[in-house]
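my_file.txt follows; it contains compact mmCIF, C-alpha atoms and all ligand atoms.
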# COMPACT_ATOMS: atom_id res chain seq x y z
CA MET A 1 -131.35 41.90 90.57
CA PHE A 2 -129.04 38.90 90.33
CA PHE A 3 -127.83 36.26 87.86
CA TYR A 4 -125.38 33.36 87.73
CA ASN A 5 -122.59 32.15 85.50
CA ARG A 6 -119.86 29.53 85.66
CA GLU A 7 -116.26 30.62 85.76
CA ASN A 8 -112.78 29.73 86.85
CA VAL A 9 -112.49 30.60 90.57
CA GLN A 10 -109.00 30.17 92.02
CA GLY A 11 -108.13 27.44 89.52
CA LYS A 12 -111.43 25.50 89.59
CA GLU A 13 -114.66 25.87 87.65
CA ALA A 14 -117.34 27.16 90.05
CA LYS A 15 -120.67 28.93 90.17
CA ALA A 16 -120.48 32.73 90.42
CA LEU A 17 -123.29 35.01 91.56
CA SER A 18 -123.59 38.55 90.16
CA ILE A 19 -125.63 41.10 92.09
CA ILE A 20 -126.56 44.51 90.65
CA LEU A 21 -126.74 47.19 93.33
CA PRO A 22 -129.02 50.21 92.70
CA THR A 23 -126.49 52.97 93.42
CA VAL A 24 -126.61 56.40 91.76
CA GLY A 25 -124.23 55.02 89.09
CA CYS A 26 -121.08 56.25 87.40
CA ARG A 27 -119.88 59.79 88.09
CA TRP A 28 -117.94 60.07 84.81
CA ARG A 29 -120.80 59.18 82.41
CA ARG A 30 -118.91 60.24 79.31
CA CYS A 31 -117.60 57.10 77.63
CA ASN A 32 -118.74 57.02 74.00
CA MET A 33 -120.28 53.54 74.18
CA CYS A 34 -121.96 53.59 77.58
CA SER A 35 -125.39 54.46 78.93
CA TYR A 36 -125.55 52.00 81.83
CA PHE A 37 -126.10 54.87 84.23
CA ASP A 38 -129.37 55.81 82.46
CA ASP A 39 -131.03 53.08 84.53
CA SER A 40 -129.45 54.17 87.83
CA PRO A 41 -131.78 55.68 90.43
CA SER A 42 -131.12 59.29 91.44
CA ASP A 43 -132.31 58.56 94.98
CA THR A 44 -129.30 58.63 97.32
CA SER A 45 -131.25 57.38 100.34
CA ILE A 46 -131.66 53.79 99.11
CA ASP A 47 -130.51 51.23 101.70
CA ILE A 48 -127.82 49.55 99.56
CA PHE A 49 -126.73 47.14 102.29
CA GLY A 50 -130.34 46.06 102.95
CA ILE A 51 -130.90 45.40 99.24
CA PHE A 52 -127.60 43.53 98.95
CA VAL A 53 -128.52 41.19 101.85
CA GLN A 54 -132.00 40.59 100.43
CA GLU A 55 -130.62 39.74 96.96
CA PHE A 56 -127.88 37.55 98.41
CA ASP A 57 -130.34 35.59 100.59
CA ASN A 58 -132.68 35.07 97.62
CA ALA A 59 -129.90 33.91 95.32
CA TYR A 60 -127.47 32.02 97.55
CA ASP A 61 -126.80 28.31 97.35
CA GLU A 62 -123.81 26.32 98.57
CA GLU A 63 -122.30 25.90 95.12
CA ILE A 64 -121.55 29.63 94.94
CA LYS A 65 -117.88 30.42 95.56
CA LYS A 66 -117.59 33.86 93.99
CA VAL A 67 -119.75 37.00 94.15
CA LYS A 68 -119.50 39.86 91.65
CA LEU A 69 -120.97 43.24 92.59
CA PHE A 70 -122.07 45.57 89.80
CA THR A 71 -123.22 49.15 90.30
CA SER A 72 -123.25 50.54 86.73
CA GLY A 73 -120.33 52.59 87.98
CA SER A 74 -117.69 52.26 90.69
CA PHE A 75 -118.25 50.26 93.88
CA LEU A 76 -115.22 52.05 95.35
CA ASP A 77 -116.68 55.53 94.74
CA PRO A 78 -117.96 56.60 98.18
CA LYS A 79 -120.75 58.61 96.51
CA GLU A 80 -122.12 55.32 95.15
CA VAL A 81 -121.39 52.97 98.04
CA ASP A 82 -120.35 54.71 101.26
CA HIS A 83 -117.41 53.29 103.15
CA ASP A 84 -119.43 51.80 106.03
CA CYS A 85 -121.80 50.05 103.67
CA ALA A 86 -118.91 48.66 101.58
CA LYS A 87 -117.16 47.35 104.71
CA LYS A 88 -120.38 45.69 105.92
CA ILE A 89 -120.82 43.98 102.53
CA ILE A 90 -117.26 42.61 102.53
CA SER A 91 -117.54 41.32 106.13
CA PHE A 92 -120.91 39.74 105.33
CA LEU A 93 -119.48 37.84 102.34
CA SER A 94 -116.48 36.73 104.34
CA GLU A 95 -118.71 35.40 107.15
CA LYS A 96 -120.76 33.47 104.58
CA GLY A 97 -117.61 31.65 103.43
CA ILE A 98 -117.46 33.16 99.94
CA SER A 99 -113.89 32.82 98.65
CA GLU A 100 -113.71 35.68 96.15
CA VAL A 101 -115.53 38.95 95.46
CA THR A 102 -115.21 41.18 92.40
CA LEU A 103 -115.74 44.94 92.71
CA GLU A 104 -115.77 47.23 89.69
CA SER A 105 -114.15 50.66 89.80
CA ARG A 106 -112.62 53.44 87.78
CA PRO A 107 -108.94 53.88 88.75
CA GLU A 108 -109.43 57.24 90.51
CA TYR A 109 -111.29 55.54 93.39
CA VAL A 110 -108.65 52.88 94.01
CA GLU A 111 -107.00 54.18 97.19
CA GLU A 112 -104.57 52.20 99.30
CA ASP A 113 -105.85 53.22 102.76
CA TYR A 114 -109.47 52.60 101.89
CA LEU A 115 -108.72 49.20 100.38
CA LYS A 116 -106.76 48.22 103.51
CA GLU A 117 -109.80 49.13 105.62
CA LEU A 118 -112.10 47.17 103.33
CA MET A 119 -109.92 44.08 103.48
CA GLY A 120 -109.75 44.21 107.28
CA ASN A 121 -108.89 40.77 108.67
CA ASN A 122 -111.12 38.93 106.25
CA ASP A 123 -109.94 35.85 104.33
CA LEU A 124 -111.95 36.91 101.32
CA GLN A 125 -109.92 37.42 98.11
CA ILE A 126 -110.83 40.78 96.60
CA GLU A 127 -110.62 41.33 92.86
CA VAL A 128 -110.88 44.87 91.49
CA ALA A 129 -112.13 45.08 87.91
CA MET A 130 -111.27 48.21 85.93
CA GLY A 131 -112.52 49.12 82.47
CA LEU A 132 -109.15 49.89 80.87
CA GLU A 133 -110.60 49.20 77.37
CA SER A 134 -107.28 49.85 75.57
CA SER A 135 -103.64 50.48 76.42
CA ASN A 136 -103.40 53.04 73.59
CA ASN A 137 -103.84 56.57 74.98
CA LYS A 138 -105.04 57.96 71.63
CA ILE A 139 -107.83 55.37 71.52
CA LEU A 140 -108.67 55.98 75.18
CA LYS A 141 -108.98 59.70 74.53
CA HIS A 142 -110.43 60.00 71.05
CA SER A 143 -112.37 56.77 70.45
CA ILE A 144 -113.65 56.09 73.93
CA ASN A 145 -113.36 59.35 75.90
CA LYS A 146 -112.36 57.29 78.92
CA GLY A 147 -111.13 60.17 81.08
CA PHE A 148 -107.97 58.40 82.28
CA THR A 149 -104.72 57.23 80.71
CA PHE A 150 -102.93 53.91 80.52
CA GLU A 151 -100.36 55.33 82.96
CA GLY A 152 -103.20 56.08 85.43
CA PHE A 153 -104.26 52.45 85.23
CA LEU A 154 -100.65 51.27 85.72
CA SER A 155 -100.13 53.38 88.80
CA VAL A 156 -103.21 52.07 90.66
CA SER A 157 -102.34 48.55 89.55
CA GLU A 158 -99.23 48.92 91.73
CA ILE A 159 -101.49 49.51 94.74
CA LEU A 160 -103.51 46.37 94.01
CA LYS A 161 -100.35 44.31 93.63
CA LYS A 162 -98.93 45.61 96.90
CA LEU A 163 -102.12 44.66 98.77
CA GLY A 164 -102.49 41.21 97.17
CA ILE A 165 -105.72 42.24 95.46
CA LYS A 166 -106.45 40.61 92.11
CA ASN A 167 -106.48 42.87 89.07
CA LYS A 168 -109.09 42.24 86.39
CA ALA A 169 -109.00 44.43 83.29
CA TYR A 170 -111.80 44.83 80.77
CA LEU A 171 -110.58 45.40 77.23
CA MET A 172 -112.96 46.58 74.56
CA ILE A 173 -113.19 44.86 71.21
CA LYS A 174 -113.81 47.44 68.50
CA PRO A 175 -114.17 50.94 69.96
CA PRO A 176 -115.66 53.44 67.46
CA PHE A 177 -113.52 55.00 64.68
CA LEU A 178 -111.38 51.85 64.30
CA THR A 179 -111.54 49.46 61.34
CA GLU A 180 -112.10 45.76 62.04
CA LYS A 181 -108.39 45.12 61.49
CA GLU A 182 -107.26 47.99 63.73
CA ALA A 183 -109.63 46.77 66.42
CA ILE A 184 -108.11 43.26 66.34
CA HIS A 185 -104.60 44.70 66.64
CA ASP A 186 -105.59 47.05 69.44
CA ALA A 187 -107.19 44.30 71.54
CA ILE A 188 -104.18 41.98 71.11
CA ASN A 189 -101.63 44.75 71.78
CA SER A 190 -103.54 45.94 74.84
CA ALA A 191 -103.65 42.41 76.30
CA LYS A 192 -99.92 41.97 75.68
CA SER A 193 -99.10 45.28 77.34
CA ILE A 194 -100.83 44.23 80.60
CA GLU A 195 -99.71 40.62 80.55
CA LYS A 196 -97.51 41.09 83.64
CA ILE A 197 -100.01 43.34 85.44
CA ALA A 198 -103.50 41.84 85.12
CA ASP A 199 -104.56 38.54 86.66
CA VAL A 200 -107.64 38.33 84.48
CA ILE A 201 -108.34 39.96 81.12
CA SER A 202 -111.99 40.14 80.15
CA PHE A 203 -112.58 41.08 76.51
CA ASN A 204 -115.80 42.98 75.94
CA PRO A 205 -116.95 42.95 72.31
CA MET A 206 -118.95 46.11 71.64
CA THR A 207 -122.75 46.13 71.82
CA VAL A 208 -124.61 49.23 70.69
CA HIS A 209 -126.26 50.90 73.70
CA LYS A 210 -129.11 53.37 73.47
CA ASN A 211 -128.35 57.12 73.60
CA THR A 212 -124.64 56.86 72.91
CA LEU A 213 -122.27 58.21 70.27
CA VAL A 214 -121.79 54.62 69.12
CA GLU A 215 -125.54 54.31 68.52
CA TYR A 216 -125.51 57.57 66.53
CA LEU A 217 -122.70 56.25 64.28
CA TRP A 218 -124.37 52.83 63.97
CA ASN A 219 -127.67 54.44 62.90
CA LYS A 220 -125.79 56.32 60.17
CA GLY A 221 -124.12 53.10 58.97
CA GLU A 222 -120.72 54.34 60.15
CA TYR A 223 -120.16 51.75 62.83
CA SER A 224 -120.79 48.03 63.17
CA PRO A 225 -119.99 45.78 66.14
CA PRO A 226 -117.15 43.26 65.66
CA TRP A 227 -117.34 39.98 63.80
CA GLY A 228 -117.28 36.76 65.81
CA TRP A 229 -114.22 35.82 63.70
CA SER A 230 -112.38 38.84 65.09
CA ILE A 231 -113.17 37.69 68.63
CA LEU A 232 -111.85 34.19 67.86
CA GLU A 233 -108.68 35.68 66.38
CA ILE A 234 -108.07 37.85 69.47
CA LEU A 235 -108.67 34.93 71.84
CA LYS A 236 -106.34 32.65 69.84
CA GLU A 237 -103.57 35.28 69.89
CA THR A 238 -103.87 35.91 73.62
CA ALA A 239 -104.67 32.37 74.89
CA ASN A 240 -101.11 31.75 76.03
CA LEU A 241 -100.61 35.00 77.93
CA ARG A 242 -100.16 34.74 81.70
CA PRO A 243 -103.59 36.17 82.79
CA ASP A 244 -106.82 34.16 82.57
CA ILE A 245 -108.58 35.26 79.41
CA ILE A 246 -112.36 35.48 79.42
CA CYS A 247 -115.03 36.81 77.12
CA HIS A 248 -118.79 36.81 77.73
CA PRO A 249 -120.29 38.60 74.73
CA VAL A 250 -123.62 40.38 75.18
CA ALA A 251 -126.31 40.21 72.46
CA PHE A 252 -124.19 37.93 70.28
CA GLY A 253 -125.87 37.40 66.89
CA ARG A 254 -128.36 40.26 67.42
CA SER A 255 -128.33 43.45 65.39
CA ARG A 256 -126.77 45.53 68.19
CA GLY A 257 -124.18 42.94 69.15
CA PRO A 258 -121.16 41.13 67.70
CA LYS A 259 -122.02 38.54 65.05
CA ASN A 260 -121.08 36.22 62.22
CA CYS A 261 -123.84 34.67 60.07
CA LYS A 262 -127.12 33.02 61.03
CA SER A 263 -125.80 29.52 60.56
CA CYS A 264 -122.73 29.86 62.81
CA ASN A 265 -123.65 32.51 65.43
CA ARG A 266 -124.72 30.01 68.09
CA GLU A 267 -121.75 27.72 67.63
CA ILE A 268 -119.26 30.62 67.73
CA GLU A 269 -120.79 32.03 70.90
CA LYS A 270 -120.64 28.58 72.52
CA LYS A 271 -116.97 28.26 71.63
CA ILE A 272 -116.15 31.68 73.11
CA LEU A 273 -117.86 30.77 76.41
CA GLU A 274 -116.19 27.37 76.54
CA PHE A 275 -112.78 28.91 75.84
CA SER A 276 -113.36 31.30 78.76
CA LEU A 277 -113.39 28.34 81.16
CA ASN A 278 -110.15 26.68 80.09
CA ASN A 279 -108.27 28.98 77.62
CA ASP A 280 -107.66 26.08 75.26
CA PRO A 281 -107.18 27.67 71.80
CA LYS A 282 -108.01 24.38 70.02
CA ILE A 283 -111.66 24.89 71.01
CA LEU A 284 -111.70 27.94 68.75
CA ASP A 285 -111.04 26.03 65.50
CA TYR A 286 -114.06 26.43 63.26
CA ASP A 287 -115.05 27.17 59.68
CA CYS A 288 -118.04 28.64 57.90
CA ASP A 289 -118.63 30.29 54.50
CA CYS A 290 -119.01 33.72 56.12
CA LYS A 291 -115.30 33.70 57.00
CA ASN A 292 -114.52 34.84 53.42
CA GLU A 293 -116.61 37.95 53.90
CA TRP A 294 -114.71 38.77 57.12
CA GLU A 295 -111.36 38.21 55.40
CA GLU A 296 -112.38 40.52 52.57
CA GLU A 297 -113.26 43.22 55.09
CA LEU A 298 -109.83 42.90 56.70
CA MET A 299 -108.11 43.30 53.30
CA LYS A 300 -109.86 46.59 52.56
CA PHE A 301 -108.03 48.63 55.19
S1 LIG B 1 -117.97 52.71 80.72
FE1 LIG B 1 -117.73 52.75 82.95
S2 LIG B 1 -116.52 54.62 83.32
FE2 LIG B 1 -117.38 54.82 81.27
S3 LIG B 1 -119.29 55.95 81.54
FE3 LIG B 1 -119.80 53.73 81.57
S4 LIG B 1 -119.80 53.16 83.72
FE4 LIG B 1 -118.72 55.14 83.55
ZN ZN B 2 -121.02 31.80 59.38

What does the file become when written as structure tokens?
Ligand code: SF4
Ligand SMILES: [Zn+2]
Amino acid sequence: MFFYNRENVQGKEAKALSIILPTVGCRWRRCNMCSYFDDSPSDTSIDIFGIFVQEFDNAYDEEIKKVKLFTSGSFLDPKEVDHDCAKKIISFLSEKGISEVTLESRPEYVEEDYLKELMGNNDLQIEVAMGLESSNNKILKHSINKGFTFEGFLSVSEILKKLGIKNKAYLMIKPPFLTEKEAIHDAINSAKSIEKIADVISFNPMTVHKNTLVEYLWNKGEYSPPWGWSILEILKETANLRPDIICHPVAFGRSRGPKNCKSCNREIEKKILEFSLNNDPKILDYDCDCKNEWEEELMKF
């Protein structure tokens, strides 16, 4: 499966291709908001390289400068993508003239020797994307159950820096058990605490996935995804930080996703996507009657 989006690639807007690889999925499988791995095949004999080449050939056009590989887990986990297969994929992309590739991983699979092997003599810029979610260890442990600490993230970030690999960090907007106001503060504080470490910060506003603790709380009326206003506030407050700031909300305006009101959902989503291309905070100026409701919610706690 593949899809496209437009993003900032090495300083210029370009077309990016995302390919989902059918690996066995994440080994951790315990984050409170995630059930991505439910769709992962259990078959370990799938020819991942063959599928990658097939998807790439079907999707490729000359406008594509960046490729993002998703596995619903960690590309760098050898149980998901074995080392030979990963090396073949990187060499293939380099030969095709792709300038940048993004690989997702949990920090425990980021190993210096393996990354050196992967990089080989290729010109391809590698970006490793890690789901840090928050820089607050209490939130990582109790709200998200992430299974690693902020310090763990910092220590593998040193390896990426040493090797000239780009560091992309996902930060969650509104983990469970946080009020709207606490969630805004957490996202802004987390971004500030990795300002000198990450090259790209991608904010992920929560969507309610099936069969998760978040879905259980949401069904009981004890959790709701963030307001669009909260996302705008976080983007405004972080727009001037050193890393590129991006946010591509999923299911915006739907019941399981982040939202404002029916009359402004589409416009707010458009502004968030536009901001992600140029980080100009002026794009985020907007008003709608539902802002009062959001402000009232912030005053309660
Ligand atoms: S969020 Fe990432 S690390 Fe956590 S269970 Fe899902 S795939 Fe695994
Ligand atoms: Zn509105």

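Between CA of Pro22 (chain A) and CA of Met130 (chain A) there is a distance of 19.1 Å.
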
Can you list every residue of chain A that has an atom at most 12 Å from ligand LIG 1 (chain B), with its nearest atom pair and the distance in Å to one decimal, using all atoms listed in the file, ordered by chain then number, as JSON lines?
{"residue": "A:Thr23", "atom": "CA", "partner": "B:LIG1", "partner_atom": "S4", "distance": 11.8}
{"residue": "A:Val24", "atom": "CA", "partner": "B:LIG1", "partner_atom": "S4", "distance": 11.0}
{"residue": "A:Gly25", "atom": "CA", "partner": "B:LIG1", "partner_atom": "S4", "distance": 7.2}
{"residue": "A:Cys26", "atom": "CA", "partner": "B:LIG1", "partner_atom": "FE4", "distance": 4.7}
{"residue": "A:Arg27", "atom": "CA", "partner": "B:LIG1", "partner_atom": "FE4", "distance": 6.6}
{"residue": "A:Trp28", "atom": "CA", "partner": "B:LIG1", "partner_atom": "FE4", "distance": 5.1}
{"residue": "A:Arg29", "atom": "CA", "partner": "B:LIG1", "partner_atom": "S3", "distance": 3.7}
{"residue": "A:Arg30", "atom": "CA", "partner": "B:LIG1", "partner_atom": "S3", "distance": 4.8}
{"residue": "A:Cys31", "atom": "CA", "partner": "B:LIG1", "partner_atom": "FE2", "distance": 4.3}
{"residue": "A:Asn32", "atom": "CA", "partner": "B:LIG1", "partner_atom": "S3", "distance": 7.6}
{"residue": "A:Met33", "atom": "CA", "partner": "B:LIG1", "partner_atom": "S1", "distance": 7.0}
{"residue": "A:Cys34", "atom": "CA", "partner": "B:LIG1", "partner_atom": "FE3", "distance": 4.5}
{"residue": "A:Ser35", "atom": "CA", "partner": "B:LIG1", "partner_atom": "FE3", "distance": 6.2}
{"residue": "A:Tyr36", "atom": "CA", "partner": "B:LIG1", "partner_atom": "FE3", "distance": 6.0}
{"residue": "A:Phe37", "atom": "CA", "partner": "B:LIG1", "partner_atom": "S4", "distance": 6.5}
{"residue": "A:Asp38", "atom": "CA", "partner": "B:LIG1", "partner_atom": "FE3", "distance": 9.8}
{"residue": "A:Asp39", "atom": "CA", "partner": "B:LIG1", "partner_atom": "S4", "distance": 11.3}
{"residue": "A:Ser40", "atom": "CA", "partner": "B:LIG1", "partner_atom": "S4", "distance": 10.5}
{"residue": "A:Phe70", "atom": "CA", "partner": "B:LIG1", "partner_atom": "S4", "distance": 10.0}
{"residue": "A:Thr71", "atom": "CA", "partner": "B:LIG1", "partner_atom": "S4", "distance": 8.4}
{"residue": "A:Ser72", "atom": "CA", "partner": "B:LIG1", "partner_atom": "S4", "distance": 5.3}
{"residue": "A:Gly73", "atom": "CA", "partner": "B:LIG1", "partner_atom": "S4", "distance": 4.3}
{"residue": "A:Ser74", "atom": "CA", "partner": "B:LIG1", "partner_atom": "S4", "distance": 7.3}
{"residue": "A:Phe75", "atom": "CA", "partner": "B:LIG1", "partner_atom": "S4", "distance": 10.7}
{"residue": "A:Asp77", "atom": "CA", "partner": "B:LIG1", "partner_atom": "FE4", "distance": 11.4}
{"residue": "A:Glu80", "atom": "CA", "partner": "B:LIG1", "partner_atom": "S4", "distance": 11.9}
{"residue": "A:Glu104", "atom": "CA", "partner": "B:LIG1", "partner_atom": "FE1", "distance": 8.9}
{"residue": "A:Ser105", "atom": "CA", "partner": "B:LIG1", "partner_atom": "S2", "distance": 8.0}
{"residue": "A:Arg106", "atom": "CA", "partner": "B:LIG1", "partner_atom": "S2", "distance": 6.0}
{"residue": "A:Pro107", "atom": "CA", "partner": "B:LIG1", "partner_atom": "S2", "distance": 9.4}
{"residue": "A:Glu108", "atom": "CA", "partner": "B:LIG1", "partner_atom": "S2", "distance": 10.4}
{"residue": "A:Tyr109", "atom": "CA", "partner": "B:LIG1", "partner_atom": "S2", "distance": 11.4}
{"residue": "A:Ala129", "atom": "CA", "partner": "B:LIG1", "partner_atom": "FE1", "distance": 10.7}
{"residue": "A:Met130", "atom": "CA", "partner": "B:LIG1", "partner_atom": "FE1", "distance": 8.4}
{"residue": "A:Gly131", "atom": "CA", "partner": "B:LIG1", "partner_atom": "FE1", "distance": 6.4}
{"residue": "A:Leu132", "atom": "CA", "partner": "B:LIG1", "partner_atom": "S2", "distance": 9.1}
{"residue": "A:Glu133", "atom": "CA", "partner": "B:LIG1", "partner_atom": "S1", "distance": 8.8}
{"residue": "A:Leu140", "atom": "CA", "partner": "B:LIG1", "partner_atom": "FE2", "distance": 10.7}
{"residue": "A:Lys141", "atom": "CA", "partner": "B:LIG1", "partner_atom": "FE2", "distance": 11.8}
{"residue": "A:Ile144", "atom": "CA", "partner": "B:LIG1", "partner_atom": "FE2", "distance": 8.3}
{"residue": "A:Asn145", "atom": "CA", "partner": "B:LIG1", "partner_atom": "FE2", "distance": 8.1}
{"residue": "A:Lys146", "atom": "CA", "partner": "B:LIG1", "partner_atom": "FE2", "distance": 6.1}
{"residue": "A:Gly147", "atom": "CA", "partner": "B:LIG1", "partner_atom": "S2", "distance": 8.1}
{"residue": "A:Phe148", "atom": "CA", "partner": "B:LIG1", "partner_atom": "S2", "distance": 9.4}
{"residue": "A:Tyr170", "atom": "CA", "partner": "B:LIG1", "partner_atom": "S1", "distance": 10.0}
{"residue": "A:Leu171", "atom": "CA", "partner": "B:LIG1", "partner_atom": "S1", "distance": 11.0}
{"residue": "A:Met172", "atom": "CA", "partner": "B:LIG1", "partner_atom": "S1", "distance": 10.0}
{"residue": "A:Pro175", "atom": "CA", "partner": "B:LIG1", "partner_atom": "S1", "distance": 11.5}
{"residue": "A:Asn204", "atom": "CA", "partner": "B:LIG1", "partner_atom": "S1", "distance": 11.1}
{"residue": "A:Met206", "atom": "CA", "partner": "B:LIG1", "partner_atom": "S1", "distance": 11.3}
{"residue": "A:His209", "atom": "CA", "partner": "B:LIG1", "partner_atom": "FE3", "distance": 10.6}
{"residue": "A:Thr212", "atom": "CA", "partner": "B:LIG1", "partner_atom": "S3", "distance": 10.2}
{"residue": "A:Leu213", "atom": "CA", "partner": "B:LIG1", "partner_atom": "S3", "distance": 11.9}

Each residue of chain A with at least one atom at most 12 Å from ligand ZN 2 (chain B) should appear once, together with its nearest atom pair and the corresponding distance in Å (one decimal); atoms considered: only C-alpha atoms and all ligand atoms; ordering: chain, then increasing residue number; output as a tab-separated table.
residue	atom	partner	partner_atom	distance
A:Trp227	CA	B:ZN2	ZN	10.0
A:Gly228	CA	B:ZN2	ZN	8.9
A:Trp229	CA	B:ZN2	ZN	9.0
A:Gly253	CA	B:ZN2	ZN	10.5
A:Lys259	CA	B:ZN2	ZN	8.9
A:Asn260	CA	B:ZN2	ZN	5.3
A:Cys261	CA	B:ZN2	ZN	4.1
A:Lys262	CA	B:ZN2	ZN	6.4
A:Ser263	CA	B:ZN2	ZN	5.4
A:Cys264	CA	B:ZN2	ZN	4.3
A:Asn265	CA	B:ZN2	ZN	6.6
A:Arg266	CA	B:ZN2	ZN	9.6
A:Glu267	CA	B:ZN2	ZN	9.2
A:Ile268	CA	B:ZN2	ZN	8.6
A:Glu269	CA	B:ZN2	ZN	11.5
A:Tyr286	CA	B:ZN2	ZN	9.6
A:Asp287	CA	B:ZN2	ZN	7.6
A:Cys288	CA	B:ZN2	ZN	4.6
A:Asp289	CA	B:ZN2	ZN	5.6
A:Cys290	CA	B:ZN2	ZN	4.3
A:Lys291	CA	B:ZN2	ZN	6.5
A:Asn292	CA	B:ZN2	ZN	9.3
A:Glu293	CA	B:ZN2	ZN	9.3
A:Trp294	CA	B:ZN2	ZN	9.7

Include C-alpha atoms and write out the residues we just selected as a PDB file, in the frame of the given file.
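Listing of result14.pdb after writing:
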ATOM      1  CA  TRP A 227    -117.340  39.980  63.800  1.00  0.00           C
ATOM      2  CA  GLY A 228    -117.280  36.760  65.810  1.00  0.00           C
ATOM      3  CA  TRP A 229    -114.220  35.820  63.700  1.00  0.00           C
ATOM      4  CA  GLY A 253    -125.870  37.400  66.890  1.00  0.00           C
ATOM      5  CA  LYS A 259    -122.020  38.540  65.050  1.00  0.00           C
ATOM      6  CA  ASN A 260    -121.080  36.220  62.220  1.00  0.00           C
ATOM      7  CA  CYS A 261    -123.840  34.670  60.070  1.00  0.00           C
ATOM      8  CA  LYS A 262    -127.120  33.020  61.030  1.00  0.00           C
ATOM      9  CA  SER A 263    -125.800  29.520  60.560  1.00  0.00           C
ATOM     10  CA  CYS A 264    -122.730  29.860  62.810  1.00  0.00           C
ATOM     11  CA  ASN A 265    -123.650  32.510  65.430  1.00  0.00           C
ATOM     12  CA  ARG A 266    -124.720  30.010  68.090  1.00  0.00           C
ATOM     13  CA  GLU A 267    -121.750  27.720  67.630  1.00  0.00           C
ATOM     14  CA  ILE A 268    -119.260  30.620  67.730  1.00  0.00           C
ATOM     15  CA  GLU A 269    -120.790  32.030  70.900  1.00  0.00           C
ATOM     16  CA  TYR A 286    -114.060  26.430  63.260  1.00  0.00           C
ATOM     17  CA  ASP A 287    -115.050  27.170  59.680  1.00  0.00           C
ATOM     18  CA  CYS A 288    -118.040  28.640  57.900  1.00  0.00           C
ATOM     19  CA  ASP A 289    -118.630  30.290  54.500  1.00  0.00           C
ATOM     20  CA  CYS A 290    -119.010  33.720  56.120  1.00  0.00           C
ATOM     21  CA  LYS A 291    -115.300  33.700  57.000  1.00  0.00           C
ATOM     22  CA  ASN A 292    -114.520  34.840  53.420  1.00  0.00           C
ATOM     23  CA  GLU A 293    -116.610  37.950  53.900  1.00  0.00           C
ATOM     24  CA  TRP A 294    -114.710  38.770  57.120  1.00  0.00           C
TER      25      TRP A 294
END

* Considering all atoms listed in the file, return as number ranges by chain whatever protein or nucleic-acid residues lie within 12 Å of region 179-185 of chain A, sequence-local ones (same chain, fewer than 4 positions apart) excluded. => A: 133-136, 139, 143, 171-175, 189-192, 203-206, 222-238, 258, 294-301

* Asked: Got a sec to check which residues sit within 7 Å of (-105.3, 41.4, 87.6), counting only C-alpha atoms, and write them as a list of chain:residue names?
  -> A:Lys166, A:Asn167, A:Lys168, A:Ala169, A:Ile197, A:Ala198, A:Asp199, A:Val200

Could you please take those selected residues and save C-alpha atoms as a PDB file, in the coordinates of the input?
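Okay, part.pdb is ready:
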ATOM      1  CA  LYS A 166    -106.450  40.610  92.110  1.00  0.00           C
ATOM      2  CA  ASN A 167    -106.480  42.870  89.070  1.00  0.00           C
ATOM      3  CA  LYS A 168    -109.090  42.240  86.390  1.00  0.00           C
ATOM      4  CA  ALA A 169    -109.000  44.430  83.290  1.00  0.00           C
ATOM      5  CA  ILE A 197    -100.010  43.340  85.440  1.00  0.00           C
ATOM      6  CA  ALA A 198    -103.500  41.840  85.120  1.00  0.00           C
ATOM      7  CA  ASP A 199    -104.560  38.540  86.660  1.00  0.00           C
ATOM      8  CA  VAL A 200    -107.640  38.330  84.480  1.00  0.00           C
TER       9      VAL A 200
END

* Separation of CA of Leu17 (chain A) and CA of Asn5 (chain A), in Å? ->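 Calculated distance between CA of Leu17 (chain A) and CA of Asn5 (chain A) is 6.7 Å.
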